[in-house]
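protein_38.txt (compact mmCIF, C-alpha atoms)
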# COMPACT_ATOMS: atom_id res chain seq x y z
CA MET A 172 46.56 311.35 128.47
CA ALA A 173 49.78 309.52 127.77
CA ILE A 174 47.94 306.24 127.57
CA THR A 175 45.34 307.59 125.14
CA ALA A 176 48.17 308.91 123.02
CA LEU A 177 49.72 305.50 122.74
CA ARG A 178 46.50 303.72 121.78
CA MET A 179 45.86 305.91 118.79
CA ARG A 180 46.76 304.83 115.32
CA ASP A 181 46.91 308.31 113.83
CA LEU A 182 50.49 309.32 114.54
CA PHE A 183 49.71 313.00 113.97
CA ALA A 184 47.38 312.95 116.96
CA VAL A 185 49.95 311.02 118.97
CA VAL A 186 52.57 313.69 118.38
CA MET A 187 50.19 316.55 119.20
CA LEU A 188 49.12 314.86 122.43
CA PHE A 189 52.74 314.34 123.33
CA GLY A 190 53.31 318.07 122.89
CA ILE A 191 50.42 318.91 125.21
CA TYR A 192 51.74 316.38 127.70
CA SER A 193 55.11 318.18 127.63
CA LEU A 194 53.44 321.49 128.36
CA LEU A 195 51.65 319.95 131.34
CA THR A 196 54.96 318.54 132.56
CA ALA A 197 56.42 322.04 132.34
CA MET A 198 53.66 323.37 134.61
CA PHE A 199 54.33 320.52 137.00
CA PHE A 200 58.02 321.51 137.15
CA MET A 201 56.98 325.10 137.80
CA ASN A 202 54.99 323.84 140.79
CA LEU A 203 58.02 322.03 142.10
CA ASP A 204 60.13 325.24 142.10
CA ALA A 205 62.20 324.19 139.10
CA VAL A 206 61.71 327.37 137.08
CA ASP A 207 64.69 326.90 134.79
CA VAL A 208 63.67 323.36 133.97
CA ALA A 209 60.05 324.33 133.35
CA PHE A 210 61.32 326.96 130.96
CA THR A 211 63.40 324.45 129.03
CA GLU A 212 60.68 321.82 128.95
CA ALA A 213 58.11 324.29 127.61
CA ALA A 214 60.41 325.48 124.82
CA VAL A 215 61.81 322.06 123.93
CA GLY A 216 58.93 319.67 124.58
CA ALA A 217 56.01 321.72 123.40
CA GLY A 218 57.92 323.59 120.69
CA VAL A 219 60.96 322.07 119.09
CA SER A 220 60.49 318.34 119.57
CA THR A 221 56.86 318.43 118.41
CA ILE A 222 57.91 320.20 115.22
CA LEU A 223 60.75 317.75 114.61
CA MET A 224 58.39 314.80 115.09
CA LEU A 225 55.90 316.33 112.65
CA ALA A 226 58.67 316.96 110.12
CA ALA A 227 59.67 313.32 110.44
CA LEU A 228 56.06 312.16 110.07
CA ARG A 229 55.87 314.00 106.77
CA LEU A 230 58.70 311.77 105.59
CA VAL A 231 57.59 308.44 107.01
CA GLY A 232 53.80 308.57 106.68
CA ARG A 233 51.06 309.55 109.04
CA PHE A 234 49.22 306.34 109.78
CA GLU A 235 50.35 303.30 111.63
CA LYS A 236 49.42 299.94 110.18
CA PRO A 237 47.20 297.72 112.30
CA HIS A 238 48.98 294.65 113.50
CA LYS A 239 48.28 291.68 115.67
CA HIS A 240 50.60 290.71 118.40
CA ASN A 241 50.38 289.08 121.74
CA PRO A 242 50.58 291.74 124.47
CA ILE A 243 50.85 289.27 127.34
CA LEU A 244 54.63 288.84 127.48
CA PRO A 245 55.45 292.58 127.33
CA LEU A 246 52.72 293.29 129.91
CA LEU A 247 54.22 290.68 132.19
CA VAL A 248 57.73 292.12 131.90
CA VAL A 249 56.47 295.67 132.41
CA GLY A 250 54.29 294.65 135.35
CA ALA A 251 57.16 292.86 137.06
CA THR A 252 59.52 295.80 136.60
CA GLY A 253 56.87 298.22 137.88
CA ALA A 254 56.19 296.08 140.93
CA ALA A 255 59.90 295.93 141.71
CA LEU A 256 60.19 299.72 141.44
CA ILE A 257 57.12 300.28 143.65
CA TYR A 258 58.56 297.90 146.25
CA GLY A 259 61.83 299.83 146.01
CA PHE A 260 60.37 303.24 146.77
CA SER A 261 58.06 302.11 149.58
CA ASP A 262 60.57 303.43 152.16
CA ALA A 263 61.83 306.37 150.12
CA PRO A 264 61.72 309.90 151.60
CA LEU A 265 58.39 311.70 151.23
CA LEU A 266 57.83 314.46 148.72
CA GLY A 267 59.17 317.79 150.02
CA ASP A 268 61.04 316.28 152.95
CA SER A 269 63.82 318.73 153.80
CA ALA A 270 65.77 316.04 155.71
CA ALA A 271 65.98 313.66 152.75
CA PRO A 272 69.51 312.46 151.88
CA ALA A 273 69.37 314.31 148.56
CA GLN A 274 69.06 317.60 150.45
CA MET A 275 71.89 316.98 152.94
CA HIS A 276 75.27 317.20 151.25
CA LEU A 277 76.02 319.28 148.18
CA ALA A 278 72.92 321.42 147.90
CA PRO A 279 73.36 323.48 151.10
CA ARG A 280 76.96 324.21 150.12
CA TYR A 281 75.93 325.44 146.70
CA LEU A 282 73.08 327.53 148.13
CA GLU A 283 75.33 329.07 150.76
CA HIS A 284 78.41 329.87 148.72
CA ALA A 285 77.22 330.26 145.15
CA GLN A 286 76.46 333.97 145.29
CA LYS A 287 79.60 334.85 147.24
CA GLN A 288 81.92 332.82 145.03
CA THR A 289 80.46 333.56 141.61
CA GLY A 290 78.43 336.75 142.03
CA VAL A 291 75.47 335.05 140.39
CA PRO A 292 72.18 334.91 142.32
CA ASN A 293 70.66 332.15 140.19
CA VAL A 294 72.18 329.09 141.79
CA VAL A 295 71.10 326.85 138.91
CA THR A 296 73.16 328.92 136.47
CA ALA A 297 76.12 329.05 138.87
CA VAL A 298 76.16 325.27 139.35
CA LEU A 299 75.56 324.65 135.65
CA ALA A 300 78.33 326.83 134.29
CA SER A 301 80.84 326.98 137.12
CA TYR A 302 80.73 324.17 139.67
CA ARG A 303 79.76 321.55 137.15
CA GLY A 304 81.37 323.20 134.13
CA TYR A 305 82.89 319.93 132.93
CA ASP A 306 79.47 318.28 132.69
CA THR A 307 78.06 321.15 130.76
CA LEU A 308 81.02 321.18 128.38
CA GLY A 309 80.40 317.48 127.79
CA GLU A 310 76.71 318.08 127.17
CA THR A 311 77.42 320.87 124.73
CA VAL A 312 79.69 318.53 122.82
CA VAL A 313 76.95 315.86 122.84
CA VAL A 314 74.46 318.32 121.34
CA PHE A 315 77.06 319.31 118.74
CA THR A 316 77.73 315.66 117.90
CA ALA A 317 74.02 314.91 117.60
CA GLY A 318 73.76 317.77 115.11
CA LEU A 319 76.65 316.31 113.13
CA ALA A 320 75.03 312.86 113.16
CA VAL A 321 71.76 314.23 111.78
CA MET A 322 73.70 316.10 109.08
CA LEU A 323 75.51 312.91 108.11
CA LEU A 324 72.32 310.85 108.03
CA LEU A 325 70.08 313.27 106.17
CA GLY A 326 72.59 315.30 104.21
CA MET A 327 72.75 319.04 103.85
CA SER A 328 71.33 319.42 100.38
CA SER A 329 69.64 322.73 99.81
CA PRO A 330 65.96 322.21 99.19
CA SER A 331 64.66 322.16 95.67
CA PRO A 332 61.98 324.82 95.50
CA ILE A 333 58.59 323.17 95.18
CA PRO A 334 56.13 326.01 94.71
CA ASP A 335 52.91 324.38 95.84
CA PHE A 336 54.36 322.72 98.91
CA GLY A 337 53.60 324.36 102.24
CA SER A 338 52.41 327.51 100.61
CA THR A 339 50.60 329.78 103.02
CA ASP A 340 49.98 332.67 100.67
CA ASP A 341 46.29 332.66 101.51
CA GLN A 342 46.90 332.91 105.23
CA ARG A 343 47.47 336.61 105.63
CA VAL A 344 46.71 336.69 109.34
CA GLN A 345 49.36 334.15 110.21
CA ARG A 346 51.97 335.81 108.06
CA HIS A 347 51.41 339.22 109.59
CA ALA A 348 51.21 337.86 113.12
CA VAL A 349 54.51 336.06 112.70
CA LYS A 350 56.21 339.11 111.24
CA LEU A 351 54.94 341.13 114.18
CA LEU A 352 55.95 338.60 116.84
CA MET A 353 59.32 337.70 115.40
CA PRO A 354 61.43 340.57 116.78
CA PHE A 355 59.93 340.11 120.23
CA ILE A 356 60.67 336.39 120.29
CA LEU A 357 64.28 336.97 119.29
CA LEU A 358 64.67 339.84 121.74
CA TYR A 359 63.22 337.69 124.48
CA ALA A 360 65.68 334.93 123.66
CA LEU A 361 68.57 337.39 123.95
CA TYR A 362 67.19 338.60 127.28
CA VAL A 363 67.01 335.01 128.53
CA GLN A 364 70.57 334.48 127.35
CA PHE A 365 72.16 337.46 129.04
CA HIS A 366 69.92 337.68 132.08
CA GLY A 367 70.28 333.99 132.96
CA ASP A 368 72.58 334.81 135.87
CA PHE A 369 69.97 336.90 137.69
CA GLY A 370 66.67 335.29 136.74
CA ALA A 371 65.57 332.00 135.29
CA GLY A 372 67.24 331.30 131.98
CA GLY A 373 70.59 330.69 130.38
CA GLY A 374 72.29 329.43 127.26
CA PHE A 375 70.28 326.25 126.82
CA GLN A 376 66.91 327.94 127.10
CA ALA A 377 67.90 330.94 125.00
CA GLY A 378 69.28 328.75 122.23
CA VAL A 379 66.08 326.74 122.09
CA ILE A 380 63.82 329.82 122.12
CA PHE A 381 65.83 331.52 119.38
CA ALA A 382 65.68 328.38 117.25
CA ALA A 383 61.94 327.97 117.92
CA GLY A 384 61.39 331.55 116.74
CA LEU A 385 63.22 330.87 113.48
CA VAL A 386 61.35 327.61 112.98
CA LEU A 387 58.03 329.41 113.44
CA TYR A 388 59.08 331.99 110.86
CA ASP A 389 60.10 329.26 108.48
CA LEU A 390 56.88 327.30 108.94
CA VAL A 391 54.64 330.22 108.11
CA LEU A 392 56.63 332.07 105.48
CA GLY A 393 57.86 329.04 103.56
CA HIS A 394 61.21 327.36 103.30
CA LEU A 395 63.41 329.61 101.28
CA HIS A 396 62.93 332.75 103.37
CA THR A 397 64.71 331.62 106.52
CA ARG A 398 67.50 329.99 104.61
CA GLN A 399 68.30 333.32 103.01
CA VAL A 400 68.56 334.96 106.41
CA ILE A 401 70.82 332.33 107.96
CA ARG A 402 72.49 329.85 105.64
CA ALA A 403 73.29 326.33 106.72
CA PRO A 404 77.10 326.59 106.32
CA ILE A 405 77.10 329.61 108.62
CA LEU A 406 75.11 327.64 111.19
CA VAL A 407 77.61 324.80 111.08
CA ARG A 408 80.42 327.23 111.82
CA MET A 409 78.38 328.85 114.60
CA ALA A 410 77.79 325.48 116.25
CA ALA A 411 81.50 324.76 116.19
CA LEU A 412 82.28 328.29 117.39
CA GLY A 413 80.09 327.77 120.47
CA VAL A 414 82.01 324.67 121.53
CA LEU A 415 85.25 326.50 120.74
CA ILE A 416 84.35 329.47 122.97
CA TYR A 417 83.61 327.11 125.83
CA GLY A 418 86.80 325.15 125.35
CA CYS A 419 88.95 328.27 124.96
CA VAL A 420 87.70 329.78 128.22
CA GLY A 421 88.87 326.57 129.86
CA LEU A 422 92.22 326.68 128.07
CA TYR A 423 92.75 330.31 129.02
CA SER A 424 92.38 329.50 132.71
CA LEU A 425 94.66 326.49 132.24
CA LEU A 426 97.33 328.71 130.69
CA SER A 427 97.04 331.17 133.60
CA ASP A 428 98.11 328.45 136.05
CA LYS A 429 94.59 327.68 137.25
CA ALA A 430 92.54 324.51 136.86
CA TYR A 431 90.74 323.92 133.56
CA LEU A 432 87.49 325.98 133.53
CA ASP A 433 88.42 327.84 136.72
CA TYR A 434 87.04 331.22 135.71
CA SER A 435 88.70 333.20 138.48
CA ALA A 436 91.68 333.41 136.12
CA LEU A 437 89.72 335.66 133.76
CA SER A 438 89.94 338.76 135.92
CA PRO A 439 92.10 340.01 138.80
CA ASP A 440 88.99 339.94 140.97
CA ALA A 441 88.07 336.29 141.42
CA VAL A 442 84.31 336.84 141.79
CA HIS A 443 84.20 339.10 138.77
CA GLY A 444 86.20 336.52 136.83
CA GLN A 445 83.69 333.82 137.75
CA HIS A 446 80.81 335.99 136.61
CA LEU A 447 82.53 336.79 133.32
CA GLY A 448 83.39 333.14 132.78
CA ILE A 449 79.78 332.07 133.33
CA LEU A 450 78.57 334.66 130.83
CA LEU A 451 81.09 333.53 128.18
CA VAL A 452 80.39 329.87 128.68
CA GLU A 453 76.64 330.42 128.51
CA LEU A 454 77.18 332.31 125.28
CA GLY A 455 79.01 329.31 123.86
CA VAL A 456 76.24 326.97 124.97
CA GLY A 457 73.56 329.25 123.53
CA LEU A 458 75.30 329.49 120.15
CA THR A 459 75.76 325.75 119.85
CA VAL A 460 72.25 324.82 120.95
CA PHE A 461 70.64 327.39 118.68
CA SER A 462 72.59 326.47 115.58
CA VAL A 463 72.33 322.71 116.09
CA ILE A 464 68.56 322.79 116.55
CA THR A 465 68.08 325.06 113.54
CA LEU A 466 70.37 322.82 111.47
CA ILE A 467 68.41 319.72 112.47
CA TYR A 468 65.20 321.44 111.46
CA TYR A 469 66.73 322.46 108.11
CA ALA A 470 67.86 318.90 107.49
CA PHE A 471 64.39 317.49 108.13
CA SER A 472 62.49 320.09 106.18
CA ALA A 473 64.83 319.95 103.15
CA ARG A 474 64.27 316.23 102.71
CA ARG A 475 61.56 315.24 100.26
CA PRO A 476 59.44 312.16 100.85
CA ASN A 477 60.16 309.50 98.26
CA THR A 478 57.18 307.35 97.44
CA MET B 10 51.81 301.82 153.14
CA ILE B 11 48.36 303.24 152.37
CA GLU B 12 48.69 306.25 154.68
CA MET B 13 51.98 307.14 152.99
CA LEU B 14 50.35 307.23 149.57
CA PRO B 15 50.00 311.04 149.25
CA GLY B 16 53.64 311.60 150.25
CA LEU B 17 54.88 309.03 147.80
CA PHE B 18 52.58 310.23 145.03
CA ASN B 19 55.46 311.54 142.92
CA TYR B 20 57.05 308.10 142.81
CA TRP B 21 53.76 306.52 141.73
CA VAL B 22 53.45 308.98 138.88
CA ALA B 23 57.04 308.41 137.79
CA VAL B 24 56.75 304.63 137.90
CA ILE B 25 53.43 304.51 136.06
CA LEU B 26 54.69 306.85 133.33
CA MET B 27 57.95 304.95 133.05
CA MET B 28 56.20 301.62 132.70
CA THR B 29 53.84 303.04 130.08
CA GLY B 30 56.83 304.21 128.07
CA PHE B 31 58.58 300.89 128.60
CA TYR B 32 55.55 298.97 127.38
CA VAL B 33 55.37 301.08 124.23
CA VAL B 34 59.04 300.56 123.46
CA VAL B 35 58.73 296.80 123.90
CA ALA B 36 55.31 296.05 122.44
CA GLN B 37 54.55 298.59 119.72
CA ASN B 38 55.43 297.85 116.15
CA ASN B 39 55.79 301.34 114.70
CA LEU B 40 59.21 302.92 115.09
CA VAL B 41 57.93 306.50 115.51
CA LYS B 42 55.67 305.31 118.30
CA LYS B 43 58.58 303.55 119.93
CA LEU B 44 60.44 306.83 119.94
CA VAL B 45 57.46 308.59 121.57
CA GLY B 46 57.49 305.83 124.17
CA LEU B 47 61.16 306.45 124.79
CA GLY B 48 60.35 310.15 125.24
CA LEU B 49 57.72 309.21 127.81
CA PHE B 50 60.22 307.04 129.66
CA GLN B 51 62.67 309.92 129.65
CA ALA B 52 60.04 312.39 130.91
CA SER B 53 59.24 310.09 133.83
CA VAL B 54 62.90 310.19 134.89
CA PHE B 55 62.83 313.99 134.68
CA ILE B 56 59.75 314.11 136.92
CA PHE B 57 61.43 311.73 139.37
CA TYR B 58 64.55 313.90 139.66
CA ILE B 59 62.73 317.21 139.95
CA SER B 60 60.36 315.88 142.59
CA ILE B 61 63.36 314.67 144.64
CA GLY B 62 64.76 318.20 144.62
CA LYS B 63 61.57 319.75 146.01
CA VAL B 64 61.73 321.05 149.57
CA ALA B 65 58.37 321.77 151.22
CA GLY B 66 57.92 325.53 151.60
CA GLY B 67 61.07 326.21 149.62
CA ALA B 68 61.53 328.89 146.99
CA PRO B 69 63.02 328.51 143.49
CA PRO B 70 66.82 328.48 143.90
CA ILE B 71 67.46 332.10 142.96
CA ILE B 72 69.01 333.84 145.95
CA GLU B 73 67.13 336.90 147.16
CA HIS B 74 66.70 338.68 150.44
CA GLY B 75 63.96 337.61 152.78
CA SER B 76 63.93 334.01 151.65
CA GLN B 77 65.79 331.34 153.57
CA LEU B 78 64.63 327.99 152.27
CA TYR B 79 65.32 326.98 148.69
CA SER B 80 64.67 323.86 146.67
CA ASN B 81 67.66 321.76 145.70
CA PRO B 82 69.33 323.26 142.59
CA LEU B 83 71.38 320.21 141.67
CA PRO B 84 68.61 318.06 140.10
CA HIS B 85 67.47 321.14 138.18
CA VAL B 86 70.90 321.52 136.60
CA LEU B 87 71.08 317.85 135.65
CA ILE B 88 67.60 317.72 134.13
CA LEU B 89 67.89 321.09 132.39
CA THR B 90 70.80 319.85 130.31
CA ALA B 91 69.27 316.39 129.94
CA ILE B 92 66.17 317.87 128.26
CA VAL B 93 68.21 319.64 125.60
CA VAL B 94 70.45 316.63 125.05
CA GLY B 95 67.25 314.55 124.90
CA VAL B 96 65.79 316.53 122.02
CA ALA B 97 69.11 316.32 120.15
CA THR B 98 69.25 312.54 120.51
CA THR B 99 65.56 312.24 119.58
CA ALA B 100 66.42 314.08 116.38
CA VAL B 101 69.16 311.55 115.65
CA GLY B 102 66.63 308.74 116.22
CA LEU B 103 64.10 310.38 113.92
CA SER B 104 66.65 310.80 111.16
CA LEU B 105 67.59 307.13 111.49
CA ILE B 106 63.90 306.28 111.09
CA VAL B 107 63.70 308.47 107.99
CA ARG B 108 66.64 306.62 106.46
CA ILE B 109 65.12 303.24 107.37
CA ARG B 110 61.91 304.25 105.70
CA GLU B 111 63.80 305.27 102.57
CA THR B 112 65.66 301.96 102.43
CA TYR B 113 62.91 299.53 103.45
CA GLY B 114 59.80 301.49 102.49
CA SER B 115 58.31 300.89 105.92
CA VAL B 116 58.61 301.90 109.56
CA GLU B 117 56.86 298.81 110.96
CA GLU B 118 59.23 296.53 112.80
CA ASP B 119 57.79 293.20 111.58
CA GLU B 120 57.89 294.29 107.93
CA ILE B 121 61.52 295.38 108.30
CA ASN B 122 62.38 292.06 109.92
CA SER B 123 60.69 290.03 107.20
CA ALA B 124 62.38 292.13 104.50
CA ASP B 125 65.70 291.38 106.17
CA ARG B 126 64.93 287.67 106.29
CA HIS B 127 63.99 287.62 102.61
CA ALA B 128 67.16 289.44 101.68
CA GLU B 129 69.17 286.88 103.65
CA LEU B 130 67.44 283.95 101.95
CA ASP B 131 67.98 285.51 98.52
CA GLN B 132 71.63 285.94 99.35
CA LYS B 133 71.91 282.27 100.32
CA ASP B 134 70.17 281.18 97.10
CA GLU B 135 72.62 283.21 95.08
CA ASP B 136 75.55 281.67 96.93
CA ASN B 137 74.16 278.18 96.27
CA ASP B 138 73.70 278.96 92.59
CA GLN B 139 77.27 280.08 92.28
CA GLY B 140 78.68 277.20 94.31

Go ahead and express the file in the form of structure tokens.
Amino acid sequence: MAITALRMRDLFAVVMLFGIYSLLTAMFFMNLDAVDVAFTEAAVGAGVSTILMLAALRLVGRFEKPHKHNPILPLLVVGATGAALIYGFSDAPLLGDSAAPAQMHLAPRYLEHAQKQTGVPNVVTAVLASYRGYDTLGETVVVFTAGLAVMLLLGMSSPSPIPDFGSTDDQRVQRHAVKLLMPFILLYALYVQFHGDFGAGGGFQAGVIFAAGLVLYDLVLGHLHTRQVIRAPILVRMAALGVLIYGCVGLYSLLSDKAYLDYSALSPDAVHGQHLGILLVELGVGLTVFSVITLIYYAFSARRPNT
Amino acid sequence: MIEMLPGLFNYWVAVILMMTGFYVVVAQNNLVKKLVGLGLFQASVFIFYISIGKVAGGAPPIIEHGSQLYSNPLPHVLILTAIVVGVATTAVGLSLIVRIRETYGSVEEDEINSADRHAELDQKDEDNDQG
């Protein structure tokens, strides 16, 4: 599938195939017990990134130009690298081997202590927000910075209303279906956000689902509707607020004579403090991810192709 | 080697996908396609990590009673955040492509290169005229 996608000259088809490929990858992750990851991949790969690619295609043109080049040198390089990699993994541990080095050191400790120390049954959430809180803070900042970069590159101009563009007035079914589905999508995103400590989910997934819901609404009902509900300047502040919440939780624990991002400072009961800290931090992550992705979508859809 | 093929299947998939993505990044001319290739490359790394974390007979790493064996949660955490960061960086790449298209009028690498070369030559001509 991937190879077909790359041979095609119609970039629209390439992007759609890439979306389907992402959905298949998500199922594959599900099979490998990575429920949280499958969740994220389905929402991001099949939803958000496909839409962003399509929005970009609108601006850069749908068809690739035919060109002649000599594929021998790249094929040689790629073949050599592939052969080296295959040689490298020939003595790697087998799939599902419970005695593999990756399974020996940190993982059993996390699995054993996570629930006792943080009160959160979902170990992925516990590791994400508590044990590896620094990483996640860094990643939230990266997402925030990427949003800023897109803003700087594409500008934040409000779209000039072009009446005939993207009009779906004749598509009653879609409009009604979206209006009907919208509250459930948003509610589901909130559930994923605040239930991430017990089941699969968390700030990253919830942010992406919430943003995907808004993007769907915007696609069907036309540009100016969504922008009236949530304006871009508010989104910018929300993105910054998310990072701020995360950072402030860390500062609070620092000021209470604990290590930075040690959530046991948040409450007299250490386990309860951890749980509270994870919830707050996930809220920050969710806010940032949601507003950055929506902002990026706004930036792409507000741009007009210049010919 | 051959009898170990099923057990090492995940590595084969990851390597083949990664090399496909690599080939696209190196050999294709269209910038959007290059970005799709980069996404493919990235996805192969995700598959590699997640398959490392799998424990045969294990459950998803959400603690509940009656289940003793869980898959490794650490790769899940790393890849979960990497996916979201990945879409953010892809968006930055796409917006760069949009700006390139607005400046050069093209997203084909050879056309951009030749436009650059022409601009350089013109610049040199102007310098010669003045000097």

Which residues are close to region 66-81 of chain B, i.e. within 6 Å by only C-alpha atoms, leaving aside same-chain residues fewer than 6 positions away? Reply as an NGL selection string. :A and (204 or 278 or 292-294)

Find the axis-aligned box for region 219-225 of chain A, covering all its listed atoms and adding 8 Å on each side, and write its centre and edge lengths in Å to one decimal as JSON.
{"center_x": 58.4, "center_y": 318.4, "center_z": 116.1, "size_x": 21.1, "size_y": 23.3, "size_z": 22.9}

Of the candidates A:Ser435, A:Gln345, A:Ser462, A:Ser193, which shows the shortest atom-to-atom distance to Gly290 (chain A), using only C-alpha atoms? A:Ser435

As an exercise, work out the distance from CA of His366 (chain A) to CA of Val460 (chain A) in Å and give it to one decimal place.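 Computing it gives 17.2 Å between the two atoms.
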
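Distances from A:Leu223, A:Val363, A:Ile356, A:Ala213 to chain B were compared using only C-alpha atoms, and the smallest one belongs to A:Leu223.
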
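As for CA of Gly384 (chain A) and CA of Leu105 (chain B), they are spaced 25.7 Å apart.
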
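You can rank A:Val344, A:Val452, A:Val463, A:Val349 by their closest distance to chain B using only C-alpha atoms, and at the top of that list sits A:Val463.
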
For CA of Leu188 (chain A) and CA of Pro242 (chain A), the interatomic separation in Å (one decimal):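 Between CA of Leu188 (chain A) and CA of Pro242 (chain A) the gap works out to 23.3 Å.
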
Is there a way to complete region 115-131 of chain B with N, CA and C atoms and then write that out as a compact mmCIF listing (two decimals), in the frame of the given file?
# COMPACT_ATOMS: atom_id res chain seq x y z
N SER B 115 59.24 301.15 104.83
CA SER B 115 58.31 300.89 105.92
C SER B 115 58.93 301.30 107.24
N VAL B 116 58.09 301.64 108.21
CA VAL B 116 58.61 301.90 109.56
C VAL B 116 57.98 300.94 110.56
N GLU B 117 57.42 299.82 110.06
CA GLU B 117 56.86 298.81 110.96
C GLU B 117 57.91 297.74 111.20
N GLU B 118 58.11 297.40 112.47
CA GLU B 118 59.23 296.53 112.80
C GLU B 118 59.11 295.16 112.13
N ASP B 119 57.89 294.56 112.12
CA ASP B 119 57.79 293.20 111.58
C ASP B 119 58.08 293.18 110.07
N GLU B 120 57.63 294.24 109.37
CA GLU B 120 57.89 294.29 107.93
C GLU B 120 59.38 294.41 107.65
N ILE B 121 60.07 295.23 108.48
CA ILE B 121 61.52 295.38 108.30
C ILE B 121 62.21 294.05 108.56
N ASN B 122 61.77 293.35 109.61
CA ASN B 122 62.38 292.06 109.92
C ASN B 122 62.18 291.07 108.78
N SER B 123 60.93 291.02 108.25
CA SER B 123 60.69 290.03 107.20
C SER B 123 61.46 290.41 105.94
N ALA B 124 61.59 291.71 105.67
CA ALA B 124 62.38 292.13 104.50
C ALA B 124 63.84 291.69 104.68
N ASP B 125 64.33 291.82 105.90
CA ASP B 125 65.70 291.38 106.17
C ASP B 125 65.84 289.89 105.93
N ARG B 126 64.85 289.13 106.42
CA ARG B 126 64.93 287.67 106.29
C ARG B 126 64.92 287.27 104.82
N HIS B 127 64.05 287.93 104.04
CA HIS B 127 63.99 287.62 102.61
C HIS B 127 65.31 287.92 101.94
N ALA B 128 65.89 289.06 102.30
CA ALA B 128 67.16 289.44 101.68
C ALA B 128 68.22 288.40 102.01
N GLU B 129 68.19 287.89 103.26
CA GLU B 129 69.17 286.88 103.65
C GLU B 129 69.00 285.61 102.84
N LEU B 130 67.72 285.18 102.70
CA LEU B 130 67.44 283.95 101.95
C LEU B 130 67.89 284.10 100.50
N ASP B 131 67.58 285.27 99.91
CA ASP B 131 67.98 285.51 98.52
C ASP B 131 69.49 285.40 98.39
